[in-house]
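Note: the block below is structure_21.cif and it holds mmCIF, C-alpha atoms and all ligand atoms.
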data_input
loop_
_atom_site.label_atom_id
_atom_site.label_comp_id
_atom_site.auth_asym_id
_atom_site.auth_seq_id
_atom_site.Cartn_x
_atom_site.Cartn_y
_atom_site.Cartn_z
CA MET A 6 -13.00 8.23 -23.56
CA TYR A 7 -9.83 6.92 -21.87
CA GLN A 8 -6.29 8.12 -22.57
CA ASN A 9 -5.39 4.43 -22.40
CA ASP A 10 -8.12 1.84 -23.06
CA LEU A 11 -5.79 -1.01 -24.12
CA ILE A 12 -7.14 -3.38 -21.48
CA LEU A 13 -10.77 -2.88 -22.50
CA ARG A 14 -9.90 -3.44 -26.14
CA ALA A 15 -7.89 -6.56 -25.30
CA ALA A 16 -10.77 -7.92 -23.19
CA LYS A 17 -13.24 -7.41 -26.03
CA GLY A 18 -10.90 -8.97 -28.59
CA ASP A 19 -10.27 -5.68 -30.44
CA ASN A 20 -6.86 -4.94 -31.87
CA VAL A 21 -4.19 -3.44 -29.60
CA GLU A 22 -0.89 -1.77 -30.50
CA ARG A 23 0.81 -3.26 -27.43
CA VAL A 24 -0.02 -5.77 -24.69
CA PRO A 25 -1.76 -4.21 -21.65
CA ILE A 26 -0.52 -5.15 -18.18
CA TRP A 27 -1.75 -4.93 -14.60
CA LEU A 28 -0.83 -7.09 -11.60
CA MET A 29 -3.06 -8.87 -9.13
CA ARG A 30 -2.59 -7.32 -5.67
CA GLN A 31 -0.94 -4.28 -7.22
CA ALA A 32 -2.88 -2.06 -4.78
CA GLY A 33 -0.91 -2.48 -1.62
CA ARG A 34 1.72 -4.79 -0.28
CA ILE A 35 4.85 -3.75 -2.15
CA LEU A 36 4.54 0.03 -2.19
CA PRO A 37 5.91 2.16 0.66
CA GLU A 38 3.26 4.69 -0.37
CA TYR A 39 0.59 2.07 0.41
CA LYS A 40 2.08 1.41 3.82
CA ALA A 41 2.04 5.14 4.58
CA THR A 42 -1.63 5.45 3.63
CA ARG A 43 -2.53 2.28 5.54
CA ALA A 44 -0.89 3.67 8.68
CA ARG A 45 -3.52 6.42 8.69
CA ALA A 46 -6.27 3.84 9.41
CA LYS A 47 -6.75 1.99 12.71
CA ASN A 48 -6.71 -1.44 11.08
CA PHE A 49 -7.28 -3.21 7.74
CA ILE A 50 -11.08 -3.18 7.99
CA GLU A 51 -11.25 0.52 8.88
CA PHE A 52 -8.93 1.12 5.95
CA VAL A 53 -11.16 -0.79 3.51
CA LYS A 54 -14.18 1.13 4.84
CA ASN A 55 -12.57 4.55 4.32
CA PRO A 56 -13.40 5.63 0.73
CA GLU A 57 -10.78 8.43 0.61
CA LEU A 58 -7.94 6.14 1.71
CA ALA A 59 -9.15 3.25 -0.47
CA ALA A 60 -9.32 5.52 -3.54
CA GLU A 61 -5.83 6.86 -2.80
CA VAL A 62 -4.17 3.41 -2.77
CA THR A 63 -6.18 2.35 -5.83
CA ILE A 64 -4.50 5.09 -7.85
CA GLN A 65 -0.96 4.66 -6.47
CA PRO A 66 0.08 1.77 -8.78
CA VAL A 67 -1.08 3.72 -11.84
CA ASP A 68 1.10 6.68 -10.84
CA ILE A 69 4.06 4.71 -9.50
CA LEU A 70 4.17 1.49 -11.54
CA GLY A 71 2.55 2.65 -14.78
CA VAL A 72 0.03 -0.21 -15.04
CA ASP A 73 -2.69 -0.09 -17.70
CA ALA A 74 -5.59 -0.45 -15.24
CA ALA A 75 -6.42 0.29 -11.62
CA ILE A 76 -8.20 -2.24 -9.39
CA ILE A 77 -10.39 -0.91 -6.62
CA PHE A 78 -8.77 -1.39 -3.24
CA SER A 79 -11.08 -3.55 -1.13
CA ASP A 80 -11.31 -7.23 -0.19
CA ILE A 81 -13.40 -10.21 -1.22
CA LEU A 82 -14.48 -10.62 2.42
CA VAL A 83 -16.66 -7.50 2.40
CA ILE A 84 -19.52 -9.68 1.07
CA PRO A 85 -19.61 -12.17 3.97
CA GLU A 86 -19.47 -9.19 6.33
CA ALA A 87 -22.35 -7.44 4.54
CA MET A 88 -24.34 -10.70 4.78
CA GLY A 89 -23.92 -10.70 8.56
CA LEU A 90 -20.64 -12.51 9.18
CA PRO A 91 -18.04 -10.05 10.50
CA TYR A 92 -14.33 -10.87 10.25
CA GLN A 93 -11.04 -9.61 11.59
CA MET A 94 -7.84 -9.36 9.59
CA ILE A 95 -5.11 -10.63 11.90
CA GLU A 96 -1.69 -9.17 11.20
CA ALA A 97 0.66 -11.61 9.44
CA LYS A 98 -1.98 -14.36 9.67
CA GLY A 99 -5.01 -13.46 7.62
CA PRO A 100 -8.77 -13.36 8.05
CA ASN A 101 -10.66 -14.78 11.01
CA PHE A 102 -14.45 -15.13 11.40
CA GLU A 103 -15.67 -15.44 14.99
CA LYS A 104 -18.92 -17.08 13.83
CA THR A 105 -19.00 -19.65 11.01
CA ILE A 106 -21.77 -21.28 8.99
CA LYS A 107 -22.79 -24.71 10.28
CA SER A 108 -26.54 -25.11 10.07
CA GLN A 109 -29.80 -24.19 8.39
CA ASN A 110 -30.35 -21.57 11.09
CA ASP A 111 -26.99 -19.97 10.36
CA ILE A 112 -27.92 -19.71 6.69
CA ASN A 113 -31.38 -18.33 7.49
CA ASP A 114 -29.71 -15.61 9.59
CA LEU A 115 -27.63 -14.41 6.63
CA ARG A 116 -28.93 -11.42 4.71
CA ILE A 117 -28.78 -11.06 0.95
CA ALA A 118 -26.50 -8.05 0.69
CA ASP A 119 -27.43 -5.12 -1.49
CA ALA A 120 -25.59 -2.04 -2.70
CA GLY A 121 -26.56 -0.08 0.43
CA ASP A 122 -24.61 -2.49 2.63
CA LEU A 123 -21.46 -1.82 0.65
CA ASP A 124 -21.83 1.88 0.10
CA TYR A 125 -18.24 2.51 1.24
CA VAL A 126 -16.93 0.51 -1.75
CA ILE A 127 -19.28 2.36 -4.08
CA GLN A 128 -18.02 5.71 -2.72
CA ALA A 129 -14.41 4.53 -3.08
CA ILE A 130 -15.06 3.63 -6.74
CA LYS A 131 -16.56 7.06 -7.41
CA LEU A 132 -13.58 8.82 -5.81
CA ALA A 133 -11.08 6.59 -7.60
CA LYS A 134 -12.75 7.39 -10.93
CA ILE A 135 -12.41 11.11 -10.22
CA GLY A 136 -8.75 10.68 -9.25
CA LEU A 137 -7.97 8.54 -12.27
CA ASN A 138 -9.47 11.21 -14.49
CA ASN A 139 -9.93 8.81 -17.45
CA ARG A 140 -6.25 7.88 -17.58
CA VAL A 141 -6.92 4.11 -17.39
CA PRO A 142 -9.98 1.93 -16.75
CA LEU A 143 -10.94 0.76 -13.25
CA ILE A 144 -11.40 -2.94 -12.45
CA GLY A 145 -14.04 -3.93 -9.89
CA PHE A 146 -14.03 -7.38 -8.30
CA ALA A 147 -15.62 -9.97 -6.07
CA GLY A 148 -14.73 -13.40 -4.74
CA ALA A 149 -16.35 -16.40 -6.40
CA PRO A 150 -19.18 -17.88 -4.29
CA TRP A 151 -17.21 -21.05 -3.51
CA THR A 152 -14.14 -19.11 -2.33
CA LEU A 153 -16.33 -16.94 -0.10
CA MET A 154 -18.18 -19.98 1.23
CA ALA A 155 -14.82 -21.58 1.99
CA TYR A 156 -13.99 -18.72 4.40
CA MET A 157 -17.53 -18.54 5.81
CA VAL A 158 -17.58 -22.24 6.76
CA GLU A 159 -13.91 -22.72 7.63
CA GLY A 160 -13.67 -19.42 9.53
CA SER A 161 -10.13 -18.67 8.36
CA GLY A 162 -7.61 -19.57 5.70
CA SER A 163 -6.68 -23.23 5.33
CA LYS A 164 -4.45 -25.41 3.18
CA THR A 165 -7.21 -27.93 2.48
CA PHE A 166 -10.49 -26.18 3.36
CA SER A 167 -11.57 -29.60 4.58
CA GLN A 168 -14.30 -28.18 6.86
CA ALA A 169 -15.83 -26.29 3.95
CA LYS A 170 -15.59 -29.38 1.73
CA LYS A 171 -17.10 -31.54 4.49
CA PHE A 172 -20.21 -29.37 4.13
CA PHE A 173 -20.55 -30.54 0.49
CA TYR A 174 -20.48 -34.19 1.53
CA GLN A 175 -22.66 -33.91 4.63
CA GLU A 176 -25.05 -31.08 3.75
CA PRO A 177 -25.13 -30.58 -0.03
CA GLU A 178 -28.60 -28.99 0.13
CA LEU A 179 -27.43 -26.41 2.67
CA ALA A 180 -24.26 -25.78 0.70
CA HIS A 181 -26.38 -24.90 -2.34
CA GLN A 182 -28.61 -22.62 -0.26
CA LEU A 183 -25.54 -20.82 1.04
CA LEU A 184 -23.97 -20.51 -2.41
CA GLU A 185 -27.28 -19.20 -3.75
CA LYS A 186 -27.39 -16.43 -1.14
CA ILE A 187 -23.76 -15.48 -1.77
CA THR A 188 -24.39 -15.41 -5.53
CA GLN A 189 -27.41 -13.12 -5.17
CA SER A 190 -25.43 -10.78 -2.91
CA THR A 191 -22.51 -10.76 -5.32
CA ILE A 192 -24.68 -9.93 -8.32
CA ASN A 193 -26.25 -7.00 -6.42
CA TYR A 194 -22.80 -5.84 -5.37
CA LEU A 195 -21.19 -6.09 -8.81
CA LYS A 196 -24.09 -4.31 -10.50
CA ALA A 197 -23.58 -1.45 -8.03
CA GLN A 198 -19.84 -1.40 -8.76
CA VAL A 199 -20.58 -1.07 -12.47
CA ALA A 200 -23.18 1.65 -11.86
CA ALA A 201 -20.55 3.57 -9.82
CA GLY A 202 -18.02 3.37 -12.66
CA ALA A 203 -16.19 0.02 -12.63
CA ASP A 204 -15.21 -0.59 -16.27
CA MET A 205 -14.59 -4.32 -15.98
CA ILE A 206 -15.07 -6.97 -13.33
CA GLN A 207 -12.81 -9.79 -12.15
CA ILE A 208 -14.06 -12.79 -10.19
CA PHE A 209 -11.41 -14.37 -7.94
CA ASP A 210 -11.87 -18.08 -7.29
CA SER A 211 -8.72 -18.42 -5.20
CA TRP A 212 -9.60 -21.84 -3.77
CA ALA A 213 -10.83 -23.52 -6.95
CA GLY A 214 -7.82 -25.83 -6.77
CA VAL A 215 -8.93 -27.71 -3.66
CA LEU A 216 -11.99 -29.10 -5.47
CA GLY A 217 -12.17 -32.04 -7.84
CA HIS A 218 -13.61 -31.55 -11.30
CA GLU A 219 -17.14 -32.76 -10.57
CA GLN A 220 -17.40 -30.76 -7.34
CA TYR A 221 -15.99 -27.74 -9.08
CA LEU A 222 -18.72 -27.80 -11.70
CA GLU A 223 -21.50 -28.37 -9.18
CA PHE A 224 -20.45 -26.07 -6.35
CA SER A 225 -18.41 -23.37 -8.04
CA LEU A 226 -18.72 -22.95 -11.78
CA LYS A 227 -22.51 -23.14 -11.70
CA TYR A 228 -22.61 -19.98 -9.56
CA ILE A 229 -19.80 -18.18 -11.37
CA SER A 230 -21.82 -18.78 -14.52
CA GLN A 231 -24.87 -17.04 -13.00
CA ILE A 232 -22.70 -14.05 -12.09
CA CYS A 233 -21.25 -13.89 -15.62
CA ASP A 234 -24.75 -14.01 -17.13
CA ALA A 235 -25.80 -11.05 -14.98
CA ILE A 236 -22.69 -8.88 -15.40
CA GLU A 237 -21.21 -9.60 -18.85
CA PRO A 238 -24.01 -7.74 -20.67
CA LEU A 239 -22.87 -4.64 -18.71
CA VAL A 240 -19.05 -4.72 -18.77
CA PRO A 241 -16.27 -7.22 -19.68
CA VAL A 242 -15.85 -9.98 -17.09
CA THR A 243 -12.66 -11.90 -16.19
CA VAL A 244 -12.78 -15.20 -14.32
CA PHE A 245 -9.61 -16.16 -12.47
CA ALA A 246 -9.85 -19.62 -10.89
CA LYS A 247 -6.54 -20.49 -9.30
CA ASP A 248 -5.24 -24.03 -9.93
CA ALA A 249 -8.35 -24.93 -11.95
CA HIS A 250 -6.68 -25.86 -15.21
CA PHE A 251 -8.75 -29.08 -15.05
CA ALA A 252 -11.82 -26.90 -15.67
CA LEU A 253 -10.55 -24.64 -18.47
CA ALA A 254 -12.66 -26.36 -21.11
CA ASP A 255 -15.76 -25.73 -18.96
CA MET A 256 -14.73 -22.15 -18.28
CA ALA A 257 -14.44 -21.56 -22.02
CA LYS A 258 -18.26 -21.89 -22.15
CA LEU A 259 -18.87 -19.12 -19.60
CA ASN A 260 -20.34 -15.80 -20.59
CA CYS A 261 -17.08 -14.05 -19.83
CA ASN A 262 -14.55 -12.21 -21.96
CA THR A 263 -11.30 -13.14 -20.24
CA ILE A 264 -9.93 -16.17 -18.42
CA GLY A 265 -7.13 -15.63 -15.91
CA LEU A 266 -4.44 -18.32 -15.72
CA ASP A 267 -2.03 -19.28 -12.97
CA TRP A 268 1.56 -20.29 -13.78
CA THR A 269 0.95 -24.04 -13.68
CA ILE A 270 -0.43 -24.15 -17.22
CA ASN A 271 1.54 -23.23 -20.29
CA PRO A 272 0.01 -20.59 -22.54
CA GLN A 273 -0.14 -22.72 -25.70
CA ASP A 274 -1.98 -25.55 -23.93
CA ALA A 275 -4.44 -23.07 -22.39
CA ARG A 276 -5.12 -21.52 -25.80
CA ILE A 277 -5.78 -24.93 -27.36
CA ILE A 278 -8.21 -25.92 -24.58
CA ILE A 279 -10.00 -22.57 -24.43
CA GLY A 280 -10.02 -21.81 -28.16
CA ASN A 281 -9.90 -18.36 -29.74
CA GLY A 282 -13.13 -16.99 -28.32
CA LYS A 283 -11.66 -15.60 -25.08
CA THR A 284 -8.91 -13.23 -24.04
CA LEU A 285 -6.30 -14.87 -21.77
CA GLN A 286 -4.72 -13.16 -18.77
CA GLY A 287 -1.64 -14.12 -16.79
CA ASN A 288 0.46 -16.01 -15.94
CA ALA A 289 4.02 -15.40 -14.71
CA ASP A 290 4.99 -16.97 -11.40
CA PRO A 291 5.28 -14.01 -8.98
CA CYS A 292 8.42 -15.65 -7.53
CA MET A 293 10.12 -15.00 -10.85
CA LEU A 294 10.29 -11.38 -9.67
CA TYR A 295 12.87 -12.44 -7.07
CA ALA A 296 15.28 -13.20 -9.95
CA ASP A 297 17.70 -10.73 -11.55
CA GLU A 298 16.65 -8.26 -14.24
CA LYS A 299 18.05 -10.36 -17.07
CA SER A 300 15.84 -13.33 -16.14
CA ILE A 301 12.83 -11.08 -15.55
CA GLU A 302 13.22 -9.63 -19.03
CA ALA A 303 13.56 -13.11 -20.54
CA THR A 304 10.40 -14.27 -18.73
CA ALA A 305 8.43 -11.27 -19.96
CA ARG A 306 9.53 -11.91 -23.54
CA LYS A 307 8.83 -15.64 -23.38
CA MET A 308 5.41 -15.07 -21.85
CA VAL A 309 4.29 -12.51 -24.43
CA ASN A 310 5.65 -14.63 -27.30
CA ALA A 311 3.77 -17.66 -26.02
CA PHE A 312 0.43 -15.87 -25.59
CA GLY A 313 0.74 -13.58 -28.61
CA LYS A 314 0.03 -9.87 -28.57
CA GLN A 315 -3.70 -9.94 -29.35
CA ARG A 316 -6.48 -11.26 -27.08
CA TYR A 317 -4.02 -11.13 -24.21
CA ILE A 318 -3.65 -9.19 -20.94
CA ALA A 319 -0.29 -9.60 -19.21
CA ASN A 320 -0.37 -10.31 -15.48
CA LEU A 321 1.07 -12.67 -12.90
CA GLY A 322 -0.38 -16.10 -12.19
CA HIS A 323 -1.44 -14.89 -8.71
CA GLY A 324 -0.96 -11.83 -6.52
CA LEU A 325 2.29 -10.03 -5.74
CA TYR A 326 4.05 -11.12 -2.55
CA PRO A 327 4.64 -8.43 0.08
CA ASP A 328 8.44 -8.75 0.07
CA LEU A 329 8.92 -8.29 -3.69
CA ASP A 330 11.14 -5.40 -4.73
CA LYS A 331 9.09 -2.56 -6.15
CA ASN A 332 11.86 -1.72 -8.65
CA LYS A 333 11.87 -5.23 -10.08
CA VAL A 334 8.08 -5.18 -10.34
CA LYS A 335 8.29 -1.92 -12.25
CA PHE A 336 11.06 -3.35 -14.42
CA PHE A 337 8.83 -6.30 -15.37
CA ILE A 338 5.95 -3.98 -16.25
CA ASP A 339 8.27 -1.82 -18.39
CA CYS A 340 9.62 -4.92 -20.16
CA VAL A 341 6.13 -6.03 -21.19
CA LYS A 342 5.21 -2.50 -22.29
CA GLY A 343 8.35 -2.35 -24.41
CA LEU A 344 7.63 -5.53 -26.36
O1 LIG A 401 -5.53 -6.59 -6.17
C1 LIG A 401 -5.51 -5.53 -5.51
O2 LIG A 401 -4.48 -4.87 -5.43
C2 LIG A 401 -6.80 -5.00 -4.93
C3 LIG A 401 -7.02 -5.28 -3.55
C4 LIG A 401 -7.30 -6.69 -3.07
C5 LIG A 401 -7.05 -7.08 -1.73
N1 LIG A 401 -7.53 -8.35 -1.55
C6 LIG A 401 -6.42 -6.24 -0.70
C7 LIG A 401 -5.77 -6.88 0.45
C8 LIG A 401 -7.88 -7.80 -3.72
C9 LIG A 401 -8.30 -7.95 -5.17
C10 LIG A 401 -8.04 -8.82 -2.74
C11 LIG A 401 -8.66 -10.12 -3.04
C12 LIG A 401 -8.58 -11.20 -2.06
N2 LIG A 401 -8.67 -11.12 -0.69
C13 LIG A 401 -8.49 -12.57 -2.41
C14 LIG A 401 -8.49 -13.09 -3.82
C15 LIG A 401 -7.17 -12.94 -4.50
C16 LIG A 401 -6.12 -13.89 -4.03
O3 LIG A 401 -5.07 -13.40 -3.59
O4 LIG A 401 -6.30 -15.11 -4.16
C17 LIG A 401 -8.45 -13.31 -1.22
C18 LIG A 401 -8.36 -14.82 -1.09
C19 LIG A 401 -8.59 -12.39 -0.12
C20 LIG A 401 -8.67 -12.68 1.32
C21 LIG A 401 -7.55 -12.06 2.08
N3 LIG A 401 -7.35 -10.70 2.25
C22 LIG A 401 -6.49 -12.72 2.75
C23 LIG A 401 -6.32 -14.23 2.80
C24 LIG A 401 -5.68 -11.74 3.33
C25 LIG A 401 -4.49 -11.90 4.26
C26 LIG A 401 -3.28 -12.39 3.61
C27 LIG A 401 -2.79 -11.52 2.47
O5 LIG A 401 -3.03 -11.95 1.33
O6 LIG A 401 -2.20 -10.48 2.69
C28 LIG A 401 -6.21 -10.47 2.95
C29 LIG A 401 -5.65 -9.15 3.33
C30 LIG A 401 -5.41 -8.16 2.25
N4 LIG A 401 -6.29 -7.86 1.25
C31 LIG A 401 -4.28 -7.31 2.14
C32 LIG A 401 -4.50 -6.51 1.01
C33 LIG A 401 -3.62 -5.42 0.47
C34 LIG A 401 -3.10 -7.27 3.09
C35 LIG A 401 -3.51 -6.47 4.28
C36 LIG A 401 -2.47 -5.51 4.76
O7 LIG A 401 -2.38 -4.38 4.23
O8 LIG A 401 -1.80 -5.88 5.72
#
Could you render the structure as structure tokens?
Ligand code: CP3
Amino acid sequence: MYQNDLILRAAKGDNVERVPIWLMRQAGRILPEYKATRARAKNFIEFVKNPELAAEVTIQPVDILGVDAAIIFSDILVIPEAMGLPYQMIEAKGPNFEKTIKSQNDINDLRIADAGDLDYVIQAIKLAKIGLNNRVPLIGFAGAPWTLMAYMVEGSGSKTFSQAKKFFYQEPELAHQLLEKITQSTINYLKAQVAAGADMIQIFDSWAGVLGHEQYLEFSLKYISQICDAIEPLVPVTVFAKDAHFALADMAKLNCNTIGLDWTINPQDARIIIGNGKTLQGNADPCMLYADEKSIEATARKMVNAFGKQRYIANLGHGLYPDLDKNKVKFFIDCVKGL
């Protein structure tokens, strides 16, 4: 069905002739073509809500960088917004919510989002599928419930997310109610993404690393697990929990196909903890792409040797940084493809 289905085969554990590669945050940031498309929208949110523009930047990295999958251009924060918590994306700073979740009333006021609330993403997926024309698969995504809750309670980014964590200690019942509502919304949303054509789904738990092991199991993994149970029967699911190497043994029990790794864990250790039942994805430090080509090539080789060529999807350990050189990023991708 696809000219290139390497990533789907790798996710399912089928044999591949070479390692597939895509990069987190490949849609946007480093490409001048992205900046040109973005300039056609009033601001980030209008951009995300414009299916034609979103589909255009989804396809750019496939054309320009030669990655083995596209990821739909959107943001994890579309779910809080659809639930009734609007945000602004402040230039060079990040997201800001004018209202945050503090009480039972605030939680009661939240809606459980359904596909209709996020129709602009669904339309963007349909347009991206047409534009991709079966060249490579399309990845859909959502934030993990804990990571979304972190923004909804804190109101913005944070180094510690101490306000969001305070909620666990002071109002654990309410925290679970909130996580429950986010989880329901996310399942509705991801099912709609799959129905529109998303070929695989990645769950981003970007703030996993601020939780301790016990809290992680209770307030994050429990809900990720419900999402996996609902989505994995439909398409392959990847769970990327940044800085959560303490939970890899627990993640190995999820109903997911692939586990994404950040650069703080070495591939052999991850494989021993997780076992052979999952595909691994990752995990080069994006800062390595500031180095010269010789070092980039050596990193690519070392990484692929350490993971092995089967049951593996090459990627970075987190998203690309905006000031990385597009040519070096392309060089890294070509190195992996040449191995
Ligand atoms: O991966 C892709 O290329 C697809 C698009 C995508 C975006 N955000 C577009 C975006 C994806 C998968 C995301 C996920 C996302 N959004 C996460 C999880 C992944 C991660 O990096 O940990 C998180 C935590 C967010 C929330 C968010 N969105 C923040 C904190 C910010 C501001 C800071 C930043 O990272 O740039 C955004 C804005 C955002 N989302 C941009 C892009 C391309 C930059 C906006 C711009 O064009 O100026």
Task: Exercise: Met308 of chain A partners within 10 Å, only C-alpha atoms, chain neighbours under 2 positions left out, as a list in words - done: Asn271, Pro272, Gly287, Asn288, Ala289, Glu302, Ala303, Thr304, Ala305, Arg306, Asn310, Ala311, Phe312, Gly313, Ala319, Asn320 and Val341 of chain A
Expected answer as a ChimeraX atom specification: residues within 8 Å of ligand LIG 401 (chain A), all atoms listed in the file
/A:28-34,40,43,49,63,76-82,94-100,146-148,152,162,209-212,247,323-324,327
Check: With all atoms listed in the file as the atoms that count, which of A:Lys299, A:Lys258, A:Arg116, A:Lys335 lies nearest to Ile279 of chain A?
Finding: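 Answer, going by the shortest atom-to-atom distance: A:Lys258.
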| task | Would you mind telling me which residue in A:Tyr92, A:Tyr156, A:Trp27, A:Phe102 lies nearest to Asp73 of chain A when using only C-alpha atoms? | result |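 Selected residue with least distance to Asp73 of chain A: A:Trp27.
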| Looking at A:Ile135, A:Ala197, A:Val24, A:Val83, which one is nearest to Val309 of chain A, with distances taken over all atoms listed in the file? |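 Closest candidate: A:Val24.
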Extract, using all atoms listed in the file, all DNA, RNA and protein residues at most 7 Å from Val244 of chain A, discarding same-chain residues fewer than 6 positions from it, and format them as a compact mmCIF listing (two decimals) with C-alpha atoms, in the frame of the given file.
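Written out: result.txt:
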# COMPACT_ATOMS: atom_id res chain seq x y z
CA GLN A 207 -12.81 -9.79 -12.15
CA ILE A 208 -14.06 -12.79 -10.19
CA PHE A 209 -11.41 -14.37 -7.94
CA THR A 263 -11.30 -13.14 -20.24
CA ILE A 264 -9.93 -16.17 -18.42
CA GLY A 265 -7.13 -15.63 -15.91
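The smallest atom-to-atom distance between Asn113 of chain A and any of A:Ala75, A:Ala44, A:Leu183, A:Val141, using only C-alpha atoms, is found for A:Leu183.
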Discussion item. Using only C-alpha atoms and a cutoff of 12 Å, can you tell me which residues are near (-21.2, -12.6, 7.3) in the file's coordinates, and write them out as a ChimeraX atom specification?
Written reply: /A:81-93,101-106,111-118,122,153-154,156-158,160,183,186-187,190
